[in-house]
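**Q** Pasting a structure here, questions to come.
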Amino acid sequence: MASEERTQELIKGLYDAVVAMDEEQAAELSQVALREGVDAYYAVMNGLAAGMDKVGQLYAEQEYFVPELLLCSDALYAGLGILKPHIKAEEAHIKGQIVIGVAEGDVHDIGKNMVKIMFEAAGWTVHDLGKDVKLERFAEEQQRTKADVVAISALMTSSMLAIPQAIKMIRERDPKVAILAGGAPLTRDIATSYGADGYARNAGDVVQEAVKVLSRLKGN
Amino acid sequence: MPASRQEKMTKKERIDALLKGQPIDHVPFYPFVLGFCARNVGYPLSVIYSDSARSWEAQLWTHEEYGFDWGPIYGYASYGTWEFGGEVKMPQGAYEQAPTHITFPVQTEEGVYRLELPDVKKAGCLPLAMEFSRLQEKQGTPITLIFGGNFTIAGNICPVEKLCRWMIRKPELAHHILQLATDHIVDAVKYWADTYGGEQVIAQIWEPLASNDIISPKQFETFVLPYMQESGNKILGMGVKHIFYHICGEQNLNLPYWTQMPMGDLGICSIGSQIEIATAIKHLGTKAIIAGNIEPNILQTGPPQQVYRLCKEIIEAGKKAPRGFMLMSGCETPPETPPYNVYLMRKAIDDFGWYD
Amino acid sequence: MAQFRQDRMTERERLEALLNRQQVDRVAFFPIHGSFAAAMVGYSKVDVYENPEMAFWARLRTQEMFGQVERVSYSGGAFGAREFGSEVKMPTSEYSMTISLLKAAVQSEEDVWKLKVPDVKTAGVLPMMMRFSKLQAEYGLPISFNSGGILTIAGYIAGVERMCRWMIRRPELVHKLCRIVTDFLVAIAEYWVETFGPERMIPGTLAPTEANQIISPKQFEEFCLPYQKEVHEKLFGLGVKHIFTHVCGEQNLNLPLWAQIPMGDPGIVSFGNEVDLETASKYFPNDIIMGNVEPAVIQTGTPEQVYELSRICLQKGKKHPSGFFLGPGCDIPPKSPPYNVWTMRKAINDFGWYN
């Protein structure tokens, strides 16, 4: 079993590997962590996911851009692929379930994919509907999975008009589910006017926003 | 859309001069354009009929943009159903255009004799129409009360098929409904005349159900003419100066009767594409301003060249009307009409409609 | 039509004057509309991408209706995709606006090395573009063709995500893509100039993938700047005088780099609503600048909001020494209320005169 000091060294190594976009290092250190008895869930949350959190911050600060984000996520998934099977079921605390997709008429999914990465890194189960999603699919998938949150994005100004229709369909079947809306042409005011409960300007802030929205809704 | 020629009159001056039979600078455009205005400004179609303030806004902005001369206006063809106690539905779907009947006030013969005259201050759309007229007064645009003609109102009180059967089998029932419709028209116009002064009000009467696609000229003579003459004379007796008749659809065989309607000084008669402008001038041109008559179907689906050519022909024919002419669509311009085609109606006036 | 102040110049005269650095009577209203133009004339969105004649008339008629600059262009939608063998999706959905990429032609590193410049007379939408340009020539309008953006077009060939990963992992692959795109654009320019002569050309560099929402300024500097500069310089070498460049989206960090790319004498540089026009003016003092009312506000805002944004743009843009066009920050969405678009022209009438 690794000592506390060694554990923290490995955790930092995982964190740094993600931030440095180092897939190989992330994979290797994940193997080492397992070999040395570091708890897999602990390694994921405090190493890989924490690293991705930092990446999100760097993206929000315009230090990192999409190419960096993509490669950081590759490093994240390289580590996750090794550690996840070793997470004990009773330990794995699923933070929430989210249905995510790009609105009908829109195939631009980089933003959505970034958001998906951030949620997965944070320990959520993500049901990804992909892009150009027919409006009724959001409500259907939320009903099927009983997801806590639905997140809908649009990059094109024309497809943002689909979002209030999709929200209406979701609410007709479950008035209590939390809904996030986002994408380049949206603002918080527009998202609110569409009936969304939350909005995030970029992938770096979105998990926090989802947690805030959920606790606000549960408090009501 | 910017006009290419500077106007010499404001639109108020132009309409006022037209109604007085005085010279004007160019043919005015009468916008029979309602749901299109909602689409043009991004409002739901239903507000044109259910929300007087937003209906006003949508129309006023659209008129400003396109350079229309008359209006805004408030009214719809199924007038009478709601006012006499039935139900209407506001337009919602992609293929709907105006309020439509859900239930009619009269379904049986017994129901006819239970009909009562509505309270014009509260019935149906009249409160909305009155709010709308307040805006017309405030803005200095013609204060126009729009309602079905006597026969159209009757056909909105009981389904028109029933009315048609009764005209032959039980004419007394048809006459009873028509008399009520006539009395209601007089009541409504009186309310407007009392509120604004008779000389400020223009009574506008839409009569689509009296078209020859439904009734014969003989039936028009029996069931339309006397009632419309009665209400028309009473309206003019209130001081109203102009009655505007929208002679909708195929009504060529009815024209000799339309010439007998009280018009005022001047009347205004708008016609559908089924009546030639020259024919309308021949029958009505000495008593009324003629308005019309671009085919709405062509506006909605025709290529621009066809729309433009049609407008040119109509303007050239209409300019010969001795008491004046307004370019107008033959019936309501469909909401889904390509905006460029609407623009062309006004452009054609700019190109061919000047009185030099 | 609306009664505006009487123009002292036609639209054509106004554009000519600006391109010759002469004074104009008022600010001109520049059109960027593809599927919006379709809605104005009753065509489908697909029509204005797949039928050059319908594309031409839709745009020209919409420009006429709104009193806009007499310039129509046809970029083909997802330009670069079909030319290099990518699959595309037509804008058939109620909520779609333009052609989008379905499957990139390049799926692997090997595919990059196999890429060749396609035949500019037959590839993809180029024959349709040529038909469109022949109509431009017939009606005496400026003739357009695509002159960029380098990375935007490369993204349609290889997929943006793949290209982004390669920027860091395999930069030589991205350089190869950019080189192919550069050579392709120059070949198009040569063909167009050979057909029409260079005098009436205003080609278009449309650069949304270059935005900082996707790439960093360093990545712009490495992968866009040298190639885009080369294309523009070669176009000028062929006798083209003016290029229309649309700097789309958030590109504030790229502005010092765009400023190193020659735009023309003058060029026309248009900006998304993310770039302040006063900032744009500082970076492009010798070019006409254009913009930049936010398209989302044109689509869903009130007329008052559109009018106010237009007023602010006019206030800032009118000061620009080399001339200014009022326009949207990007393509006008097809469901925009026409009244909102007209409100921009109204704002020009109220605030856009040079007395």
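By convention in this document, the chains of the structure tokens carry letters A, B, ... by their order, each chain's residues are numbered from 1, and ligands are numbered from 1 in the order they are shown.
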Would you list, as a list in words, the residues of segment 102-271 of chain B that end up in strand (DSSP E) under DSSP run on this structure's backbone?

**A**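 DSSP on the backbone gives strand (DSSP E) at Ile102, Thr103, Ile143, Thr144, Leu145, Ile146, Phe147, Gly148, Val201, Ile202, Ala203, Gln204, Ile205, Trp206, His242, Ile243, Phe244, Tyr245, His246, Ile247, Gly267, Ile268, Cys269, Ser270 and Ile271 of chain B.
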
**Q** Which residues come within 12 Å of Lys138 of chain B, counting only C-alpha atoms, excluding same-chain residues fewer than 6 positions away, as a list in words?

**A**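 Listed by chain and then number, they are Trp56, Glu131, Phe132 and Tyr196 of chain B.
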
**Q** If we count only C-alpha atoms, what is near Ile202 of chain C at a cut-off of 12 Å, once residues fewer than 6 positions away on the same chain are taken out, given as a PyMOL selection string?

**A** chain C and resi 15-16+19+71-74+133+136-137+141-147+189+192-193+196+232+235-236+239-245+263-269

**Q** Go ahead and write the residues just picked, C-alpha atoms, as a JSON list (two decimals), in the first residue's frame.

**A**
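Saved file selection.json follows:
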[["chain", "number", "residue", "atom", "x", "y", "z"],
["C", 15, "LEU", "CA", -20.24, 51.13, -52.99],
["C", 16, "GLU", "CA", -18.01, 52.40, -55.81],
["C", 19, "LEU", "CA", -14.06, 51.31, -52.72],
["C", 71, "ARG", "CA", -23.64, 43.02, -53.65],
["C", 72, "VAL", "CA", -24.73, 39.43, -53.57],
["C", 73, "SER", "CA", -22.48, 36.49, -52.87],
["C", 74, "TYR", "CA", -22.69, 32.74, -52.85],
["C", 133, "SER", "CA", -20.72, 34.64, -60.88],
["C", 136, "GLN", "CA", -23.16, 38.75, -61.14],
["C", 137, "ALA", "CA", -21.26, 39.72, -64.27],
["C", 141, "LEU", "CA", -22.51, 43.37, -59.75],
["C", 142, "PRO", "CA", -19.20, 42.73, -58.00],
["C", 143, "ILE", "CA", -18.05, 39.18, -58.65],
["C", 144, "SER", "CA", -17.34, 36.95, -55.68],
["C", 145, "PHE", "CA", -15.60, 33.67, -54.97],
["C", 146, "ASN", "CA", -14.16, 32.09, -51.81],
["C", 147, "SER", "CA", -10.75, 33.22, -50.62],
["C", 189, "ALA", "CA", -8.82, 32.83, -57.96],
["C", 192, "TRP", "CA", -12.13, 33.36, -61.83],
["C", 193, "VAL", "CA", -9.72, 36.09, -62.90],
["C", 196, "PHE", "CA", -13.91, 37.62, -65.74],
["C", 232, "HIS", "CA", -4.56, 37.46, -50.16],
["C", 235, "LEU", "CA", -5.00, 37.56, -55.21],
["C", 236, "PHE", "CA", -3.64, 41.08, -55.27],
["C", 239, "GLY", "CA", -5.06, 42.24, -59.98],
["C", 240, "VAL", "CA", -7.85, 41.82, -57.44],
["C", 241, "LYS", "CA", -8.17, 45.02, -55.44],
["C", 242, "HIS", "CA", -10.62, 44.33, -52.63],
["C", 243, "ILE", "CA", -11.31, 41.34, -50.42],
["C", 244, "PHE", "CA", -14.29, 40.97, -48.09],
["C", 245, "THR", "CA", -13.13, 39.28, -44.88],
["C", 263, "MET", "CA", -7.16, 43.13, -47.07],
["C", 264, "GLY", "CA", -7.15, 45.28, -50.16],
["C", 265, "ASP", "CA", -7.08, 48.87, -51.26],
["C", 266, "PRO", "CA", -9.32, 49.10, -49.39],
["C", 267, "GLY", "CA", -10.53, 45.78, -48.09],
["C", 268, "ILE", "CA", -13.88, 45.29, -46.35],
["C", 269, "VAL", "CA", -13.46, 43.72, -42.93]]

**Q** Using only C-alpha atoms, I'd like every residue of chain B that has an atom within 10 Å of chain C; please write them out as a VMD selection string.

**A** chain B and resid 1 to 7 10 37 to 43 58 61 to 68 300 to 304 336 to 347 349 to 350

**Q** Given only C-alpha atoms as the basis, pick out the residue of B:Trp70, B:Asp119, B:Ser50, B:Glu161 nearest to Tyr191 of chain B.

**A** B:Asp119

**Q** If we count only C-alpha atoms, what is near Trp354 of chain B at a cut-off of 8 Å, once residues fewer than 2 positions away on the same chain are taken out, given as number ranges by chain?

**A** B: 25-27, 349-352, 356

**Q** Could you please take those selected residues and save N, CA and C atoms as a PDB file, in the first residue's frame?

**A**
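Written output follows (result-v7.pdb):
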ATOM      1  N   ASP B  25     -51.563  62.500 -54.719  1.00  0.00           N
ATOM      2  CA  ASP B  25     -50.302  62.363 -55.454  1.00  0.00           C
ATOM      3  C   ASP B  25     -50.159  60.989 -56.111  1.00  0.00           C
ATOM      4  N   HIS B  26     -50.522  59.943 -55.394  1.00  0.00           N
ATOM      5  CA  HIS B  26     -50.443  58.607 -56.005  1.00  0.00           C
ATOM      6  C   HIS B  26     -51.528  57.703 -55.443  1.00  0.00           C
ATOM      7  N   VAL B  27     -51.750  56.613 -56.131  1.00  0.00           N
ATOM      8  CA  VAL B  27     -52.710  55.612 -55.679  1.00  0.00           C
ATOM      9  C   VAL B  27     -52.321  55.169 -54.269  1.00  0.00           C
ATOM     10  N   ILE B 349     -46.967  50.601 -57.086  1.00  0.00           N
ATOM     11  CA  ILE B 349     -47.564  51.942 -56.934  1.00  0.00           C
ATOM     12  C   ILE B 349     -46.494  52.997 -57.201  1.00  0.00           C
ATOM     13  N   ASP B 350     -45.297  52.757 -56.648  1.00  0.00           N
ATOM     14  CA  ASP B 350     -44.205  53.702 -56.839  1.00  0.00           C
ATOM     15  C   ASP B 350     -43.864  53.842 -58.320  1.00  0.00           C
ATOM     16  N   ASP B 351     -43.973  52.740 -59.063  1.00  0.00           N
ATOM     17  CA  ASP B 351     -43.588  52.752 -60.477  1.00  0.00           C
ATOM     18  C   ASP B 351     -44.717  53.190 -61.403  1.00  0.00           C
ATOM     19  N   PHE B 352     -45.970  52.865 -61.056  1.00  0.00           N
ATOM     20  CA  PHE B 352     -47.079  53.111 -61.986  1.00  0.00           C
ATOM     21  C   PHE B 352     -48.225  53.913 -61.392  1.00  0.00           C
ATOM     22  N   ASP B 356     -49.582  62.119 -62.291  1.00  0.00           N
ATOM     23  CA  ASP B 356     -48.737  63.273 -62.631  1.00  0.00           C
ATOM     24  C   ASP B 356     -49.489  64.256 -63.495  1.00  0.00           C
TER      25      ASP B 356
END

**Q** Can you pull out the residues contacting segment 209-213 of chain A? Cut-off 9 Å, using only C-alpha atoms, and skip same-chain residues under 4 positions away; I want them as a PDB file with C-alpha atoms, in the first residue's frame.

**A**
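Result went into around-v3.pdb, see below:
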ATOM      1  CA  VAL A 149     -30.708  17.520 -15.432  1.00  0.00           C
ATOM      2  CA  ALA A 178     -33.568  20.923 -13.967  1.00  0.00           C
ATOM      3  CA  ILE A 179     -32.817  22.284 -17.412  1.00  0.00           C
ATOM      4  CA  LEU A 180     -29.677  24.022 -18.584  1.00  0.00           C
ATOM      5  CA  ASP A 197     -33.194  26.957 -14.895  1.00  0.00           C
ATOM      6  CA  GLY A 198     -29.529  27.568 -15.570  1.00  0.00           C
ATOM      7  CA  TYR A 199     -26.973  28.722 -18.082  1.00  0.00           C
ATOM      8  CA  ALA A 200     -23.197  28.589 -18.342  1.00  0.00           C
ATOM      9  CA  ASP A 205     -18.536  26.709 -15.347  1.00  0.00           C
ATOM     10  CA  LEU A 217     -34.667  23.474  -7.005  1.00  0.00           C
ATOM     11  CA  LYS A 218     -34.456  20.944  -4.182  1.00  0.00           C
TER      12      LYS A 218
END

**Q** Got a sec: who's within 9 Å of Thr92 of chain C, counting only C-alpha atoms, leaving out chain neighbours fewer than 4 positions off, as an mmCIF file with C-alpha atoms, in the first residue's frame?

**A**
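Writing done, so here's selection08.cif:
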data_model
loop_
_atom_site.group_PDB
_atom_site.id
_atom_site.type_symbol
_atom_site.label_atom_id
_atom_site.label_comp_id
_atom_site.auth_asym_id
_atom_site.auth_seq_id
_atom_site.Cartn_x
_atom_site.Cartn_y
_atom_site.Cartn_z
ATOM 1 C CA GLY A 105 -30.973 21.601 -36.859
ATOM 2 C CA SER C 44 -36.661 26.904 -49.381
ATOM 3 C CA LYS C 45 -33.327 27.096 -47.573
ATOM 4 C CA VAL C 46 -32.008 24.292 -49.746
ATOM 5 C CA SER C 96 -31.252 24.666 -39.469
ATOM 6 C CA MET C 97 -29.777 27.577 -41.300
ATOM 7 C CA THR C 98 -27.056 26.383 -43.598
#

**Q** Quick one: contact table of chain A to chain C, 7 Å max, nearest atom pair and distance in Å to one decimal per residue, counting only C-alpha atoms, chain and number order, as a tab-separated table?

**A**
residue	atom	partner	partner_atom	distance
A:Phe65	CA	C:Ile215	CA	5.4
A:Val66	CA	C:Ile214	CA	4.9
A:Pro67	CA	C:Cys164	CA	4.4
A:Leu70	CA	C:Arg165	CA	6.5
A:Leu71	CA	C:Arg165	CA	6.4
A:Glu104	CA	C:Tyr95	CA	6.3
A:Gly105	CA	C:Ser96	CA	4.0
A:Asp106	CA	C:Ser96	CA	6.1
A:Val107	CA	C:Ser100	CA	6.8
A:Thr157	CA	C:Ala296	CA	5.7
A:Ser158	CA	C:Pro333	CA	5.4
A:Ser159	CA	C:Tyr95	CA	4.6
A:Leu161	CA	C:Tyr95	CA	6.9
A:Ala162	CA	C:Tyr95	CA	6.4
A:Pro185	CA	C:Ala296	CA	5.8

**Q** Could you write out that same residue set with C-alpha atoms as a PDB file, in the first residue's frame?

**A**
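Result file out.pdb:
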ATOM      1  CA  PHE A  65      -8.598  26.593 -26.114  1.00  0.00           C
ATOM      2  CA  VAL A  66     -10.411  23.759 -27.815  1.00  0.00           C
ATOM      3  CA  PRO A  67      -7.317  21.885 -29.047  1.00  0.00           C
ATOM      4  CA  LEU A  70      -9.576  17.940 -26.398  1.00  0.00           C
ATOM      5  CA  LEU A  71      -6.147  16.593 -25.596  1.00  0.00           C
ATOM      6  CA  GLU A 104     -32.394  20.016 -33.737  1.00  0.00           C
ATOM      7  CA  GLY A 105     -30.973  21.601 -36.859  1.00  0.00           C
ATOM      8  CA  ASP A 106     -27.502  22.073 -35.400  1.00  0.00           C
ATOM      9  CA  VAL A 107     -24.503  19.766 -35.881  1.00  0.00           C
ATOM     10  CA  THR A 157     -28.815  31.347 -34.035  1.00  0.00           C
ATOM     11  CA  SER A 158     -31.524  29.533 -35.977  1.00  0.00           C
ATOM     12  CA  SER A 159     -31.394  26.408 -33.827  1.00  0.00           C
ATOM     13  CA  LEU A 161     -35.287  28.701 -31.432  1.00  0.00           C
ATOM     14  CA  ALA A 162     -35.677  24.971 -30.959  1.00  0.00           C
ATOM     15  CA  PRO A 185     -25.915  32.846 -29.288  1.00  0.00           C
TER      16      PRO A 185
END

**Q** Enumerate, as a PyMOL selection string, the complete set of residues in segment 3-77 of chain A that a backbone-based DSSP assignment places in alpha helix (DSSP H).

**A** chain A and resi 4-19+23-35+40-43+50-60+66-77

**Q** How many Å lie between atom CA of Pro28 of chain B and atom CA of Ile315 of chain B, rounded to one decimal?

**A** 10.2 Å
